[in-house]
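Colleague: Contents of coords-v5.txt (compact mmCIF, C-alpha atoms) are below:
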```
# COMPACT_ATOMS: atom_id res chain seq x y z
CA MET A 1 93.04 84.23 74.65
CA GLY A 2 92.34 82.25 77.81
CA ILE A 3 93.98 80.40 80.67
CA GLU A 4 94.07 76.78 81.71
CA HIS A 5 92.48 76.50 85.12
CA PRO A 6 90.16 73.91 86.67
CA LEU A 7 87.65 76.57 87.73
CA VAL A 8 87.26 78.10 84.27
CA ASP A 9 83.94 77.06 82.71
CA GLY A 10 83.88 79.45 79.77
CA THR A 11 85.60 82.34 78.06
CA GLY A 12 84.65 85.61 76.40
CA ASP A 13 86.26 88.70 74.97
CA GLY A 14 88.72 89.68 77.70
CA TYR A 15 87.21 87.55 80.46
CA VAL A 16 86.83 84.02 81.79
CA VAL A 17 83.79 82.53 83.52
CA SER A 18 83.72 80.43 86.67
CA GLU A 19 80.37 78.96 87.64
CA THR A 20 79.42 77.66 91.07
CA VAL A 21 76.16 76.50 92.61
CA GLY A 22 77.38 76.76 96.19
CA GLN A 23 75.45 78.84 98.68
CA LEU A 24 78.61 80.41 100.13
CA VAL A 25 81.29 81.73 97.78
CA ALA A 26 84.48 82.21 99.79
CA LEU A 27 88.08 83.12 98.98
CA THR A 28 89.32 79.55 98.63
CA PRO A 29 92.88 78.87 97.43
CA MET A 30 91.56 77.81 94.01
CA ARG A 31 89.45 80.94 93.52
CA ALA A 32 92.29 83.17 94.66
CA ASP A 33 94.61 81.40 92.21
CA LEU A 34 92.11 81.88 89.39
CA VAL A 35 91.93 85.62 90.02
CA VAL A 36 95.73 85.89 90.16
CA GLN A 37 96.25 83.90 86.94
CA ALA A 38 93.52 85.79 85.09
CA SER A 39 94.91 89.17 86.15
CA ALA A 40 98.40 88.14 85.06
CA ALA A 41 96.99 87.21 81.64
CA GLY A 42 95.14 90.51 81.32
CA LEU A 43 91.75 88.89 81.83
CA ARG A 44 88.90 89.58 84.20
CA VAL A 45 86.78 86.96 85.93
CA VAL A 46 83.02 86.53 85.97
CA PHE A 47 81.77 84.42 88.85
CA LEU A 48 78.35 83.05 87.91
CA THR A 49 76.10 81.85 90.74
CA PRO A 50 72.42 81.23 91.49
CA GLU A 51 70.59 84.04 93.29
CA THR A 52 70.64 81.97 96.48
CA SER A 53 74.42 82.36 96.74
CA ARG A 54 76.17 84.89 98.92
CA LEU A 55 79.75 86.15 99.00
CA THR A 56 82.10 86.42 101.93
CA GLU A 57 83.54 89.88 102.55
CA PRO A 58 87.16 88.80 101.84
CA PHE A 59 86.11 87.32 98.50
CA ARG A 60 84.11 90.42 97.58
CA GLN A 61 87.14 92.61 98.28
CA VAL A 62 89.43 90.52 96.07
CA LEU A 63 86.85 90.42 93.27
CA ASP A 64 86.43 94.21 93.39
CA ALA A 65 90.20 94.78 93.46
CA ALA A 66 90.59 92.62 90.33
CA ASP A 67 87.70 94.43 88.58
CA GLY A 68 85.83 91.14 88.32
CA ARG A 69 82.08 90.66 88.21
CA TRP A 70 79.51 88.69 90.15
CA VAL A 71 76.64 87.62 87.89
CA VAL A 72 73.50 86.02 89.30
CA ARG A 73 71.22 83.67 87.39
CA SER A 74 67.64 83.58 88.65
CA GLY A 75 65.43 80.54 88.59
CA ASP A 76 63.84 81.69 85.33
CA GLY A 77 67.25 82.05 83.68
CA ALA A 78 67.45 85.86 83.86
CA LEU A 79 70.89 87.33 84.54
CA ARG A 80 71.75 90.35 86.65
CA ASP A 81 74.82 91.94 88.17
CA GLY A 82 74.90 90.72 91.76
CA SER A 83 76.40 93.98 93.04
CA THR A 84 74.37 96.58 91.11
CA GLY A 85 71.20 94.67 90.15
CA THR A 86 71.56 95.68 86.50
CA SER A 87 69.69 93.29 84.20
CA LEU A 88 72.01 91.58 81.72
CA LEU A 89 71.25 89.98 78.37
CA GLY A 90 74.52 88.07 78.49
CA LEU A 91 77.70 87.72 80.50
CA ALA A 92 79.59 90.19 78.30
CA ASP A 93 77.13 92.91 79.36
CA ALA A 94 78.57 92.71 82.88
CA PHE A 95 81.56 94.73 81.64
CA ARG A 96 79.58 97.33 79.74
CA ALA A 97 79.85 100.86 81.12
CA PRO A 98 76.73 101.62 83.19
CA GLY A 99 74.17 103.94 81.62
CA THR A 100 71.24 105.99 82.89
CA THR A 101 68.74 103.76 81.10
CA ASP A 102 69.97 100.45 82.50
CA ALA A 103 67.10 98.39 83.91
CA VAL A 104 67.43 97.06 87.44
CA ASP A 105 66.00 93.63 88.18
CA PRO A 106 63.15 94.07 90.72
CA ARG A 107 64.49 91.14 92.72
CA TYR A 108 67.58 93.18 93.49
CA LEU A 109 65.40 95.78 95.25
CA GLU A 110 63.85 93.30 97.67
CA VAL A 111 64.29 94.62 101.21
CA PRO A 112 66.53 92.25 103.17
CA ARG A 113 65.80 91.44 106.77
CA PRO A 114 68.00 93.69 108.98
CA GLU A 115 69.71 91.06 111.11
CA GLN A 116 72.84 92.86 112.28
CA VAL A 117 74.22 96.36 112.50
CA GLN A 118 77.51 96.26 110.65
CA PHE A 119 80.30 98.78 111.09
CA VAL A 120 82.18 99.22 107.82
CA VAL A 121 85.75 99.96 108.89
CA SER A 122 88.98 100.94 107.18
CA ALA A 123 92.35 102.32 108.21
CA SER A 124 95.80 103.06 106.84
CA ILE A 125 98.67 102.81 109.33
CA ARG A 126 102.32 103.75 108.78
CA HIS A 127 105.09 101.72 110.41
CA ARG A 128 108.85 101.96 110.48
CA PRO A 129 110.56 99.14 108.53
CA ASP A 130 112.32 97.71 111.57
CA ALA A 131 112.23 94.62 113.75
CA GLY A 132 109.91 96.26 116.28
CA THR A 133 107.01 96.67 113.83
CA ARG A 134 103.92 94.61 114.67
CA LEU A 135 100.88 94.44 112.42
CA GLY A 136 97.32 93.74 113.46
CA ARG A 137 96.57 96.22 116.23
CA ALA A 138 94.17 98.17 114.02
CA TRP A 139 92.02 95.05 113.61
CA GLU A 140 92.06 94.53 117.37
CA THR A 141 90.86 98.12 117.78
CA PHE A 142 88.01 97.58 115.32
CA ALA A 143 87.10 94.22 116.86
CA ALA A 144 86.50 96.03 120.16
CA LEU A 145 83.61 97.91 118.52
CA GLY A 146 81.66 94.65 118.64
CA PRO A 147 81.27 91.99 121.33
CA GLY A 148 84.81 90.65 120.88
CA THR A 149 88.25 91.93 121.81
CA THR A 150 90.34 90.51 118.95
CA PRO A 151 89.78 88.72 115.66
CA SER A 152 89.66 84.94 116.00
CA GLY A 153 91.87 84.00 113.06
CA TRP A 154 93.84 84.98 109.99
CA GLY A 155 95.23 83.36 106.88
CA SER A 156 95.92 83.64 103.18
CA HIS A 157 92.56 82.16 102.19
CA GLU A 158 89.24 80.95 103.56
CA PRO A 159 88.78 79.08 105.76
CA VAL A 160 91.66 80.69 107.64
CA GLU A 161 94.56 78.52 108.76
CA ALA A 162 95.74 80.17 111.98
CA ASP A 163 94.42 81.50 115.26
CA TRP A 164 94.83 85.23 115.73
CA ASP A 165 98.38 86.20 116.66
CA LYS A 166 100.01 89.49 115.70
CA ASP A 167 103.55 88.11 115.88
CA THR A 168 103.00 85.22 113.46
CA LEU A 169 101.01 87.46 111.11
CA THR A 170 103.78 90.06 111.12
CA ALA A 171 106.41 87.38 110.48
CA ALA A 172 104.41 86.08 107.51
CA ALA A 173 104.14 89.58 106.04
CA ARG A 174 107.86 90.23 106.58
CA ALA A 175 108.73 86.99 104.78
CA ARG A 176 106.86 88.19 101.68
CA MET A 177 108.53 91.58 101.49
CA PRO A 178 109.20 93.44 99.25
CA ARG A 179 106.03 92.02 97.67
CA ASP A 180 102.67 93.07 99.06
CA ALA A 181 101.23 90.71 101.66
CA ARG A 182 97.45 90.38 101.87
CA PHE A 183 95.69 88.31 104.53
CA VAL A 184 92.12 87.39 105.44
CA VAL A 185 91.01 88.36 108.95
CA VAL A 186 87.89 86.84 110.56
CA GLY A 187 85.94 86.66 113.78
CA ASP A 188 83.50 83.99 114.94
CA GLU A 189 79.76 83.53 115.42
CA ARG A 190 79.80 85.27 118.81
CA ALA A 191 81.88 88.20 117.55
CA PRO A 192 81.43 88.45 113.78
CA LEU A 193 84.20 90.17 111.87
CA ALA A 194 85.41 89.78 108.29
CA GLY A 195 87.92 91.63 106.19
CA SER A 196 91.51 91.91 105.10
CA LEU A 197 94.92 93.22 106.11
CA THR A 198 97.46 94.28 103.51
CA ALA A 199 101.08 95.20 104.23
CA ARG A 200 103.19 96.93 101.59
CA ARG A 201 106.50 98.74 101.33
CA THR A 202 106.32 102.49 100.67
CA GLU A 203 108.72 105.41 100.70
CA HIS A 204 107.65 106.02 104.31
CA GLY A 205 108.35 102.47 105.50
CA VAL A 206 105.58 99.87 105.78
CA GLU A 207 101.93 100.70 105.24
CA GLU A 208 99.26 98.52 106.85
CA VAL A 209 95.82 98.79 105.24
CA VAL A 210 92.80 97.16 106.88
CA SER A 211 89.27 97.02 105.54
CA GLY A 212 86.15 95.05 106.37
CA LEU A 213 83.06 94.60 108.51
CA VAL A 214 82.40 94.24 112.24
CA GLY A 215 79.05 93.03 113.57
CA VAL A 216 78.16 95.21 116.55
CA GLY A 217 74.68 94.02 117.53
CA VAL A 218 71.02 93.62 116.76
CA PRO A 219 69.38 96.83 115.45
CA GLY A 220 68.06 98.93 118.31
CA SER A 221 70.11 97.17 120.98
CA ASP A 222 72.26 98.74 123.69
CA ALA A 223 75.27 97.10 122.05
CA VAL A 224 74.78 99.22 118.94
CA GLN A 225 74.63 102.43 120.98
CA ARG A 226 77.75 101.36 122.86
CA ALA A 227 79.58 100.85 119.57
CA HIS A 228 78.64 104.36 118.40
CA ASP A 229 79.80 105.82 121.71
CA ALA A 230 83.09 103.91 121.57
CA ALA A 231 83.99 104.72 117.96
CA THR A 232 85.91 107.97 118.49
CA VAL A 233 87.59 106.69 121.66
CA LEU A 234 88.88 103.58 119.91
CA LEU A 235 90.04 105.54 116.87
CA GLY A 236 91.96 107.84 119.19
CA ASP A 237 93.62 104.80 120.80
CA LEU A 238 95.19 103.94 117.45
CA CYS A 239 97.48 106.96 117.86
CA ARG A 240 99.08 105.68 121.05
CA THR A 241 101.32 103.01 119.57
CA ALA A 242 101.11 103.60 115.82
CA LEU A 243 101.13 106.35 113.23
CA PRO A 244 97.75 106.17 111.47
CA LEU A 245 97.19 108.18 108.32
CA VAL A 246 93.40 107.91 108.26
CA ALA A 247 90.64 105.66 109.59
CA MET A 248 86.90 105.59 108.92
CA VAL A 249 83.87 103.95 110.52
CA PHE A 250 80.49 103.72 108.78
CA ALA A 251 77.30 101.94 109.90
CA ARG A 252 74.59 100.02 108.08
CA VAL A 253 72.28 97.06 108.64
CA GLY A 254 72.90 93.75 106.94
CA SER A 255 73.18 90.01 107.42
CA ALA A 256 74.17 88.47 110.72
CA ASP A 257 77.00 86.51 109.10
CA LEU A 258 78.36 89.60 107.29
CA THR A 259 78.03 87.94 103.88
CA VAL A 260 76.94 89.81 100.75
CA ARG A 261 73.66 88.87 99.08
CA PRO A 262 72.58 89.87 95.54
CA THR A 263 70.20 92.53 96.82
CA LEU A 264 70.53 96.26 97.39
CA GLU A 265 72.84 97.02 100.28
CA GLN A 266 72.09 99.87 102.61
CA ASP A 267 74.15 102.99 102.03
CA PRO A 268 76.58 103.16 104.98
CA GLU A 269 76.14 106.13 107.29
CA PRO A 270 79.34 107.90 108.46
CA VAL A 271 80.02 107.39 112.17
CA ALA A 272 83.54 108.66 112.85
CA MET A 273 86.84 109.52 111.20
CA LEU A 274 90.44 109.77 112.36
CA LEU A 275 92.86 112.10 110.61
CA GLY A 276 96.23 110.94 111.81
CA ALA A 277 99.23 113.14 112.43
CA PRO A 278 100.68 112.65 108.90
CA ALA A 279 97.37 113.78 107.36
CA VAL A 280 96.99 116.73 109.74
CA LYS A 281 100.53 117.89 108.97
CA GLY A 282 100.43 117.11 105.26
CA LEU A 283 97.12 118.93 104.73
CA GLY A 284 98.24 121.89 106.84
CA LEU A 285 95.16 121.65 109.07
CA ASP A 286 94.58 124.20 111.81
CA VAL A 287 93.68 122.05 114.83
CA ASP A 288 91.79 124.83 116.61
CA GLU A 289 89.80 125.65 113.48
CA MET A 290 88.87 122.00 113.00
CA ARG A 291 87.68 121.91 116.60
CA ASP A 292 85.62 125.08 116.37
CA ARG A 293 84.04 124.36 112.97
CA PHE A 294 83.54 120.61 113.09
CA GLY A 295 83.87 119.52 116.71
CA ALA A 296 87.13 117.69 116.01
CA GLU A 297 88.90 116.36 119.10
CA ARG A 298 92.67 116.47 119.42
CA VAL A 299 94.14 113.05 120.24
CA GLY A 300 97.50 111.31 120.20
CA ARG A 301 100.83 112.87 120.96
CA PRO A 302 100.70 116.53 122.06
CA ARG A 303 103.50 117.65 119.73
CA VAL A 304 102.19 115.61 116.77
CA PRO A 305 98.40 115.93 117.00
CA SER A 306 95.79 113.75 115.34
CA LEU A 307 92.08 114.54 115.06
CA VAL A 308 88.95 112.45 115.54
CA LEU A 309 85.55 113.59 114.28
CA ARG A 310 82.17 112.16 115.21
CA PHE A 311 79.49 112.20 112.52
CA ARG A 312 76.70 110.24 114.18
CA ASP A 313 75.77 109.81 117.84
CA GLY A 314 73.92 106.54 117.40
CA PRO A 315 70.35 105.34 116.84
CA SER A 316 69.06 106.68 120.17
CA ARG A 317 70.31 110.21 119.44
CA PRO A 318 69.59 110.84 115.74
CA ASP A 319 69.90 114.63 115.89
CA ALA A 320 71.65 114.77 112.51
CA THR A 321 72.60 112.23 109.88
CA GLY A 322 76.22 111.32 109.44
CA TRP A 323 76.28 112.62 105.89
CA GLU A 324 75.00 116.04 107.00
CA ARG A 325 77.98 116.28 109.35
CA LEU A 326 80.56 114.79 107.01
CA ARG A 327 79.82 116.87 103.91
CA PRO A 328 81.07 120.20 105.37
CA VAL A 329 84.31 118.44 106.32
CA VAL A 330 84.61 117.06 102.80
CA ASP A 331 84.04 120.52 101.35
CA HIS A 332 86.63 122.05 103.69
CA LEU A 333 89.38 119.51 103.09
CA GLY A 334 88.66 118.83 99.44
CA ARG A 335 86.67 115.92 98.09
CA ASP A 336 89.51 114.52 96.00
CA VAL A 337 91.89 114.66 98.95
CA LEU A 338 89.57 112.77 101.29
CA GLU A 339 88.61 110.20 98.66
CA ARG A 340 92.29 109.53 98.02
CA LEU A 341 92.96 109.16 101.75
CA THR A 342 89.94 107.02 102.58
CA GLY A 343 89.60 105.07 99.36
CA ARG A 344 85.86 105.79 99.31
CA ASP A 345 83.60 107.71 96.95
CA LEU A 346 82.33 110.52 99.17
CA GLY A 347 80.50 112.44 96.48
CA ALA A 348 77.65 110.14 95.53
CA GLY A 349 74.26 110.94 97.00
CA ARG A 350 71.68 108.38 97.95
CA THR A 351 69.35 106.95 95.34
CA PRO A 352 65.61 106.85 96.09
CA GLN A 353 65.97 103.13 96.83
CA GLU A 354 68.83 103.75 99.23
CA GLU A 355 66.82 106.40 101.06
CA GLN A 356 64.49 103.58 102.11
CA HIS A 357 67.37 101.82 103.86
CA ARG A 358 68.73 104.46 106.23
CA ALA A 359 71.39 103.38 108.69
CA PRO A 360 70.43 102.55 112.26
```
I need this file expressed as structure tokens, please.
Modeller:
Amino acid sequence: MGIEHPLVDGTGDGYVVSETVGQLVALTPMRADLVVQASAAGLRVVFLTPETSRLTEPFRQVLDAADGRWVVRSGDGALRDGSTGTSLLGLADAFRAPGTTDAVDPRYLEVPRPEQVQFVVSASIRHRPDAGTRLGRAWETFAALGPGTTPSGWGSHEPVEADWDKDTLTAAARARMPRDARFVVVGDERAPLAGSLTARRTEHGVEEVVSGLVGVGVPGSDAVQRAHDAATVLLGDLCRTALPLVAMVFARVGSADLTVRPTLEQDPEPVAMLLGAPAVKGLGLDVDEMRDRFGAERVGRPRVPSLVLRFRDGPSRPDATGWERLRPVVDHLGRDVLERLTGRDLGAGRTPQEEQHRAP
């Protein structure tokens, strides 16, 4: 079984292959269409590239959501999983369940040059399904962590088609309802930002989910410390005009252009978390207890409190790692609950390789 598509270069058992030699693999209309058609046919997609290629963050997100694979071919013909580094004998091996004896290609473990401190951000916001709803403020909040004040553009694919404007973005999402609406959100060279915004109907109204990366500065710079200092303040600001469920900020070093290379990424270090009023109420959290045990700060509306927690004070004040501060919170609230809220695996410890790449 296969599909007819101009980007399909081969087929296998339950998957199709699309090969490119481009240095930058972005979420173009054709690639997005391939993923949609393959998913509809019950197939997964393997994107095969040379090891010199890199992925944009919006493309990586779509590939992960579709359970696709990025396979890298080295100059000597060897294949490896671009995301995990696992050596592959063939393309079909990309879908094999990982095992403890899997070999990792040494080229995957090459230490990349730390060009930019990246904040890995995510949030889920609830909105009423009425004419006054405006999407996009969460991305403006996250953009303020870096040198910019807003994203520079948005669109359905890359390169984006429109300058940043919350009203036109909201209108486009409303026109697609009741179907989910997913958009690419980007910054520019002066204020790098890359990610996505998804709007979907739920029993509570409209849920806005944002996820991506914000470049906050060169490692060791004052800009990075400023971003750490601003994280909890900006998360608290989300509660003023919206009803956030949860938001998370992590930090790591990576490429200046926020693209993904086929080498080991640094394990993100927790910086801050917002538990919005729906989460505080739904989990039955005692606000005073959260303050006394974990240093949580009450924010938002007095009668409907939200909580922000700081897990790392920044590179100039490394008195405790973010994970050391986050783990007691995870244990208190329940790992499965937090993973469901944040959409992140909070139980995995660092590997020896990841320990060499600690966050700034």
Colleague: When you draw a straight line from atom CA of Asp336 of chain A to atom CA of Gly300 of chain A, how long is it in Å?
Modeller: 25.7 Å
Colleague: At what distance in Å, to one decimal, does atom CA of Ala223 of chain A lie from atom CA of Val185 of chain A?
Modeller: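 If I compute the distance from atom CA of Val185 of chain A to atom CA of Ala223 of chain A, I get 22.3 Å.
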Colleague: What are the nearest atom pairs, with distances in Å to one decimal, for all residues of segment 315-347 of chain A that come at most 9 Å from segment 109-126 of chain A, using only C-alpha atoms, set out by chain and rising residue number as a tab-separated table?
Modeller:
```
residue	atom	partner	partner_atom	distance
A:Leu341	CA	A:Ser124	CA	8.4
A:Thr342	CA	A:Ser122	CA	7.7
A:Gly343	CA	A:Ser122	CA	8.9
```
Colleague: Near segment 76-90 of chain A, counting all atoms listed in the file, which residues have an atom at most 6 Å away, once you skip same-chain residues fewer than 5 positions from it, shown as a ChimeraX atom specification?
Modeller: /A:70-71,103-105,108,262
Colleague: For the atom pair atom CA of Phe250 of chain A and atom CA of Arg54 of chain A, what is the interatomic distance in Å to one decimal place?
Modeller: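 These atoms are spaced 21.7 Å apart.
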Colleague: Can you find the residues with an atom no farther than 6 Å from (100.1, 94.6, 106.7), counting all atoms listed in the file, and report them as a CSV table (one decimal) with C-alpha atoms, keeping the file's coordinate frame?
Modeller:
```csv
chain,number,residue,atom,x,y,z
A,135,LEU,CA,100.9,94.4,112.4
A,197,LEU,CA,94.9,93.2,106.1
A,198,THR,CA,97.5,94.3,103.5
A,199,ALA,CA,101.1,95.2,104.2
A,208,GLU,CA,99.3,98.5,106.8
```
Colleague: I want to know what sits within 9 Å of segment 3-19 of chain A, based on only C-alpha atoms, with residues of the same chain fewer than 4 positions away left out; could you give that as a PyMOL selection string?
Modeller: chain A and resi 30-31+33-34+37-38+41-49+68+91-92
Colleague: I want to know what sits within 12 Å of Glu161 of chain A, based on only C-alpha atoms, with residues of the same chain fewer than 2 positions away left out; could you give that as a list of chain:residue names?
Modeller: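 Those residues are A:Thr28, A:Pro29, A:Ser152, A:Gly153, A:Trp154, A:Gly155, A:Ser156, A:His157, A:Glu158, A:Pro159, A:Asp163, A:Trp164, A:Asp165, A:Thr168, A:Leu169, A:Phe183, A:Val184, A:Val185, A:Val186.
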Colleague: Given the choices A:Leu193, A:Ala251, A:Cys239, A:Ala138, which gets closest to Gly212 of chain A if the distance is worked out from only C-alpha atoms?
Modeller: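 Nearest to Gly212 of chain A: A:Leu193.
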Colleague: Pick out the closest residue to Leu245 of chain A from this set: A:Val210, A:Leu55, A:Ala162, A:Ala97. Count all atoms listed in the file.
Modeller: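 When distances to Leu245 of chain A are compared using all atoms listed in the file, the smallest one comes from A:Val210.
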Colleague: My list of candidates is A:Pro151, A:Pro219, A:Gly132, A:Pro178. Which is closest to Arg190 of chain A when distances are computed with only C-alpha atoms?
Modeller: A:Pro151
Colleague: If we count all atoms listed in the file, what is near segment 264-279 of chain A at a cut-off of 6 Å, once residues fewer than 6 positions away on the same chain are taken out, given as a list in words?
Modeller: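 Using all atoms listed in the file, the neighbours found are Tyr108, Leu109, Pro244, Leu245, Val246, Ala247, Met248, Val249, Phe250, Ala251, Arg252, Val304, Pro305, Ser306, Leu307, Val308, Leu309, Arg310, Phe311, Arg312, Gly322, His357 and Ala359 of chain A.
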Colleague: What's around segment 282-289 of chain A at 8 Å? Count all atoms listed in the file, leave out sequence neighbours fewer than 6 positions away in its own chain, and write the answer as a list in words.
Modeller: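 Residues meeting the cut-off are Ala296, Arg298, Leu307 and Leu333 of chain A.
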Colleague: Which residue is closest to Gly146 of chain A? Choose from A:Ala131, A:Leu213, A:Ala256, A:Ala191 and count only C-alpha atoms.
Modeller: A:Ala191
Colleague: Output segment 220-240 of chain A as a short mmCIF file (atom, residue, chain, number, x, y, z; two decimals), in the coordinates of the input, making sure N, CA, C and O atoms are there.
Modeller:
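What ended up in part28.cif:
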```cif
data_model
loop_
_atom_site.label_atom_id
_atom_site.label_comp_id
_atom_site.auth_asym_id
_atom_site.auth_seq_id
_atom_site.Cartn_x
_atom_site.Cartn_y
_atom_site.Cartn_z
N GLY A 220 68.81 98.42 117.18
CA GLY A 220 68.06 98.93 118.31
C GLY A 220 68.57 98.50 119.67
O GLY A 220 68.03 98.92 120.70
N SER A 221 69.61 97.69 119.70
CA SER A 221 70.11 97.17 120.98
C SER A 221 71.07 98.15 121.64
O SER A 221 71.62 99.05 121.01
N ASP A 222 71.28 97.93 122.95
CA ASP A 222 72.26 98.74 123.69
C ASP A 222 73.66 98.55 123.13
O ASP A 222 74.49 99.47 123.19
N ALA A 223 73.94 97.36 122.59
CA ALA A 223 75.27 97.10 122.05
C ALA A 223 75.58 98.02 120.88
O ALA A 223 76.72 98.45 120.71
N VAL A 224 74.57 98.32 120.09
CA VAL A 224 74.78 99.22 118.94
C VAL A 224 75.09 100.63 119.43
O VAL A 224 75.99 101.30 118.93
N GLN A 225 74.35 101.10 120.43
CA GLN A 225 74.63 102.43 120.98
C GLN A 225 76.02 102.47 121.59
O GLN A 225 76.75 103.46 121.45
N ARG A 226 76.41 101.40 122.26
CA ARG A 226 77.75 101.36 122.86
C ARG A 226 78.82 101.46 121.78
O ARG A 226 79.84 102.14 121.95
N ALA A 227 78.60 100.80 120.65
CA ALA A 227 79.58 100.85 119.57
C ALA A 227 79.72 102.27 119.02
O ALA A 227 80.83 102.73 118.74
N HIS A 228 78.59 102.97 118.86
CA HIS A 228 78.64 104.36 118.40
C HIS A 228 79.41 105.22 119.41
O HIS A 228 80.24 106.05 119.02
N ASP A 229 79.13 105.02 120.68
CA ASP A 229 79.80 105.82 121.71
C ASP A 229 81.30 105.55 121.75
O ASP A 229 82.10 106.44 122.05
N ALA A 230 81.69 104.30 121.45
CA ALA A 230 83.09 103.91 121.57
C ALA A 230 83.92 104.26 120.34
O ALA A 230 85.16 104.22 120.41
N ALA A 231 83.28 104.59 119.23
CA ALA A 231 83.99 104.72 117.96
C ALA A 231 85.13 105.73 118.02
O ALA A 231 86.28 105.44 117.66
N THR A 232 84.86 106.95 118.49
CA THR A 232 85.91 107.97 118.49
C THR A 232 87.00 107.65 119.52
O THR A 232 88.17 107.94 119.29
N VAL A 233 86.60 107.05 120.64
CA VAL A 233 87.59 106.69 121.66
C VAL A 233 88.57 105.66 121.10
O VAL A 233 89.79 105.77 121.26
N LEU A 234 88.03 104.64 120.44
CA LEU A 234 88.88 103.58 119.91
C LEU A 234 89.75 104.09 118.77
O LEU A 234 90.92 103.69 118.66
N LEU A 235 89.21 104.97 117.93
CA LEU A 235 90.04 105.54 116.87
C LEU A 235 91.19 106.34 117.47
O LEU A 235 92.32 106.29 116.97
N GLY A 236 90.90 107.08 118.53
CA GLY A 236 91.96 107.84 119.19
C GLY A 236 93.04 106.95 119.77
O GLY A 236 94.23 107.30 119.77
N ASP A 237 92.64 105.74 120.23
CA ASP A 237 93.62 104.80 120.80
C ASP A 237 94.63 104.33 119.77
O ASP A 237 95.74 103.91 120.13
N LEU A 238 94.25 104.37 118.49
CA LEU A 238 95.19 103.94 117.45
C LEU A 238 96.46 104.79 117.44
O LEU A 238 97.51 104.34 117.00
N CYS A 239 96.34 106.03 117.92
CA CYS A 239 97.48 106.96 117.86
C CYS A 239 98.51 106.70 118.96
O CYS A 239 99.59 107.30 118.95
N ARG A 240 98.18 105.85 119.91
CA ARG A 240 99.08 105.68 121.05
C ARG A 240 100.33 104.90 120.71
O ARG A 240 101.42 105.20 121.21
#
```
